[in-house]
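Single-structure report; data block below.
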Amino acid sequence: MRLNLPRIIILIVGISLILGLMLWLVDALYRLYFQISFTAPLLANLLLFLLIILLGLLIFAFIYYFNLTSRTTSKKKRQQQRATRNLPEQKSAAAGENLKAVRQQVSQIQDKVAQRELLERSRLIAENLARGEIKVVIFGTGSAGKTSVINGLIGQVVGDVGATMGTTQLGKTYRMVVPGLEREILLTDTPGILEVGVQGTEREQIARQLATEADLLLFVVDNDLRQSEYEPLRFLAEIGKRSLVVLNKTDLYTESEIELILKQLRDRVADFIPSADVVAVCANPQAVQLENGELAEPEPEIFPLIKRLAAVLRAEGEDLVADNILLQSQRLGEEARRIIDKQRRRQADKIIDRFQWIGAGVIAVTPLPVVDLLATAAVNAQMVVEIGKVYGCELNMERGRELAMSLGKTLVSLGVVKGAVQMVATALQLNVATYVAGKAIQGVTAAYLTRIAGKSFIEYFRHDQDWGDGGMTEVVQRQFQLVQKEEFMKGFVKDAIARVVQPIKASLAEEEDLEEPELDEITVPPPVTLAEPLPEDDWEWDSHRNHNDW
């Protein structure tokens, strides 16, 4: 038990007091006893008995104080140890809850192939959670000697020692028992990274996938880390993978060179791997020629790795398993959310595409008297409600109208309406007859604005009905920049000609013969720069206008 200074002082003073009292009491009792014993022997014996009891109580109180303190400290330590033991259980319970949530998310995925794959992976994670084996993955380049390291660890040949790069096609797993550790160890050899060719790239993807599923990584190198090795090692550390760096083939270097390489390795990984976790081994030493000409096979020097591996697994094994299971369940959940997000985007894009051309057709037939009124075509309340429903947000028409008007106000204040008219007018005049372009400008601009508004609302609903730190203004500006990209504009103008210009042309065909546009030669106008937002005070809303103008 560790004592602080005040308790040490109390202990010294208490012992001194007890010793002093004992000496004084012995002397006093000796004198008093002889004085009283001559006249009242019984009284003398009673007094002596009472004094002994008093001294015993004092000693007992002193000892009790320190025992009570010791028990309190021991109790706290036991509670801490119990909490430490319970932590992996809590993580495992959290992983189980995550897997339940993932299965609920997966049920929303419409792609049956992706759905089955995620369910199968969740089943495997659940099996690992129940089985509780520790998965140790050997990772590194194909020439670093990963298989030799496994051979040295389990004490028997499990692969082609000294094999050339590319021999380990798939991850191979072997079993290993560490004394003092209840869980069984699964050692997985992986294909080498940084191999050339298509097959090498495919094998590297397998190796990386196996590494992300490991409880503990052994990253094997045969020299100082190259940048191409450092990057995957750091990435694995950033996602929470515990790693040991193993410098293999030390028989190729002198003692001083080994120390230098170890120092360089420890310095490079100091931010995410402790220096004690960088060890040097010689898993498959080269044969040595003796004086008589015979070749001798030196014993592998693998003990430093075995010692460190055993220490890490004994101290952290339970946590490593729990952390990895929790990480795997979280990553599976993130992947399910990404698939659902893409699925929702596709559904929302279909809604936007439908509403943009509906509005375009209506306005092309009945043009609005004021250019600013084109903003009303971009803020269709029904579109907002339907996009919200895709993202699980049930809105009524009144709320949809409020959101639509708010975004329309932003479109006008930023100059998006003016910029859209300029972009569309330029694009149509470059690609179709001027007369027809003039008739179609308002309708196509309405479609263009509707798309910007719809894409902005996708971002709003994706982030749980939040515009983010930059607010609605930043979202609208970003979407306006995106729809100005050349690859989008070419497709948009083609669709506009087919959906808006051609119907107008057909209605005017009786009056004059117009030239057919070449859809494969679409010309894209230059991007438009937005104006600065207008001050809030410059806005006035007139709810009595027939066209919802502001």
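Ligands are numbered from 1 in the order shown, chains are lettered A, B, ... in the order of the structure tokens, and residues start at 1 in each chain.
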### Task
Show which residues sit within 8 Å of Val524 in chain A, as a list in words. Count only C-alpha atoms, and ignore same-chain residues fewer than 3 positions away.
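After dropping sequence-adjacent residues, the list is Ala427, Glu486, Met489 and Lys490 of chain A.
For the choices A:Val417, A:Leu449, A:Leu430, A:Val476, the atom-to-atom distance to Ile522 in chain A is smallest for A:Leu430 when using only C-alpha atoms.
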### Query
Using only C-alpha atoms, which residues sit within 7 Å of Ala348 in chain A once same-chain residues fewer than 3 positions away are excluded, as a PyMOL selection string?
chain A and resi 344-345+351-352+387+390
For the residues in the current selection, export C-alpha atoms as an mmCIF file, in the first residue's frame.
data_model
loop_
_atom_site.group_PDB
_atom_site.id
_atom_site.type_symbol
_atom_site.label_atom_id
_atom_site.label_comp_id
_atom_site.auth_asym_id
_atom_site.auth_seq_id
_atom_site.Cartn_x
_atom_site.Cartn_y
_atom_site.Cartn_z
ATOM 1 C CA ARG A 344 -32.409 7.805 -51.345
ATOM 2 C CA ARG A 345 -30.445 10.129 -53.620
ATOM 3 C CA ILE A 351 -38.582 13.354 -58.008
ATOM 4 C CA ILE A 352 -36.520 16.422 -58.964
ATOM 5 C CA ILE A 387 -38.232 14.532 -51.032
ATOM 6 C CA VAL A 390 -37.875 9.741 -49.092
#
### Query
Where in range 162-348 of chain A does DSSP assign strand (DSSP E), given as an NGL selection string?
:A and (172-176 or 185-189 or 216-221 or 242-247 or 278-280 or 288-289 or 295-296)
### Task
For Phe457 in chain A, please output as a list in words all residues within 10 Å (counting only C-alpha atoms; exclusion window: fewer than 6 positions along the same chain).
Ala348, Val379, Met383, Val384, Ile387, Gly388, Leu403, Ala404, Leu407, Arg451, His463, Gln465, Asp466, Trp467, Met472, Val475 and Val476 of chain A
Output for the residues just chosen: C-alpha atoms as a short mmCIF file (atom, residue, chain, number, x, y, z; two decimals), in the first residue's frame:
data_model
loop_
_atom_site.label_atom_id
_atom_site.label_comp_id
_atom_site.auth_asym_id
_atom_site.auth_seq_id
_atom_site.Cartn_x
_atom_site.Cartn_y
_atom_site.Cartn_z
CA ALA A 348 -34.94 12.05 -54.78
CA VAL A 379 -39.74 26.02 -54.94
CA MET A 383 -41.58 18.41 -54.43
CA VAL A 384 -40.27 19.37 -50.97
CA ILE A 387 -38.23 14.53 -51.03
CA GLY A 388 -38.79 14.75 -47.28
CA LEU A 403 -39.46 25.80 -46.76
CA ALA A 404 -40.06 26.44 -50.45
CA LEU A 407 -35.34 28.84 -50.34
CA ARG A 451 -33.04 21.33 -59.92
CA HIS A 463 -28.51 16.18 -42.43
CA GLN A 465 -33.36 18.94 -41.51
CA ASP A 466 -30.32 21.08 -40.84
CA TRP A 467 -28.68 23.45 -43.33
CA MET A 472 -29.10 27.75 -46.62
CA VAL A 475 -25.86 25.05 -49.68
CA VAL A 476 -27.57 26.93 -52.53
#
### Counting only C-alpha atoms, the residue of A:Ile63, A:Val245, A:Ala446, A:Ala440 that sits nearest Leu411 in chain A
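Between A:Ile63, A:Val245, A:Ala446, A:Ala440, the residue approaching Leu411 in chain A most closely is A:Ala446.
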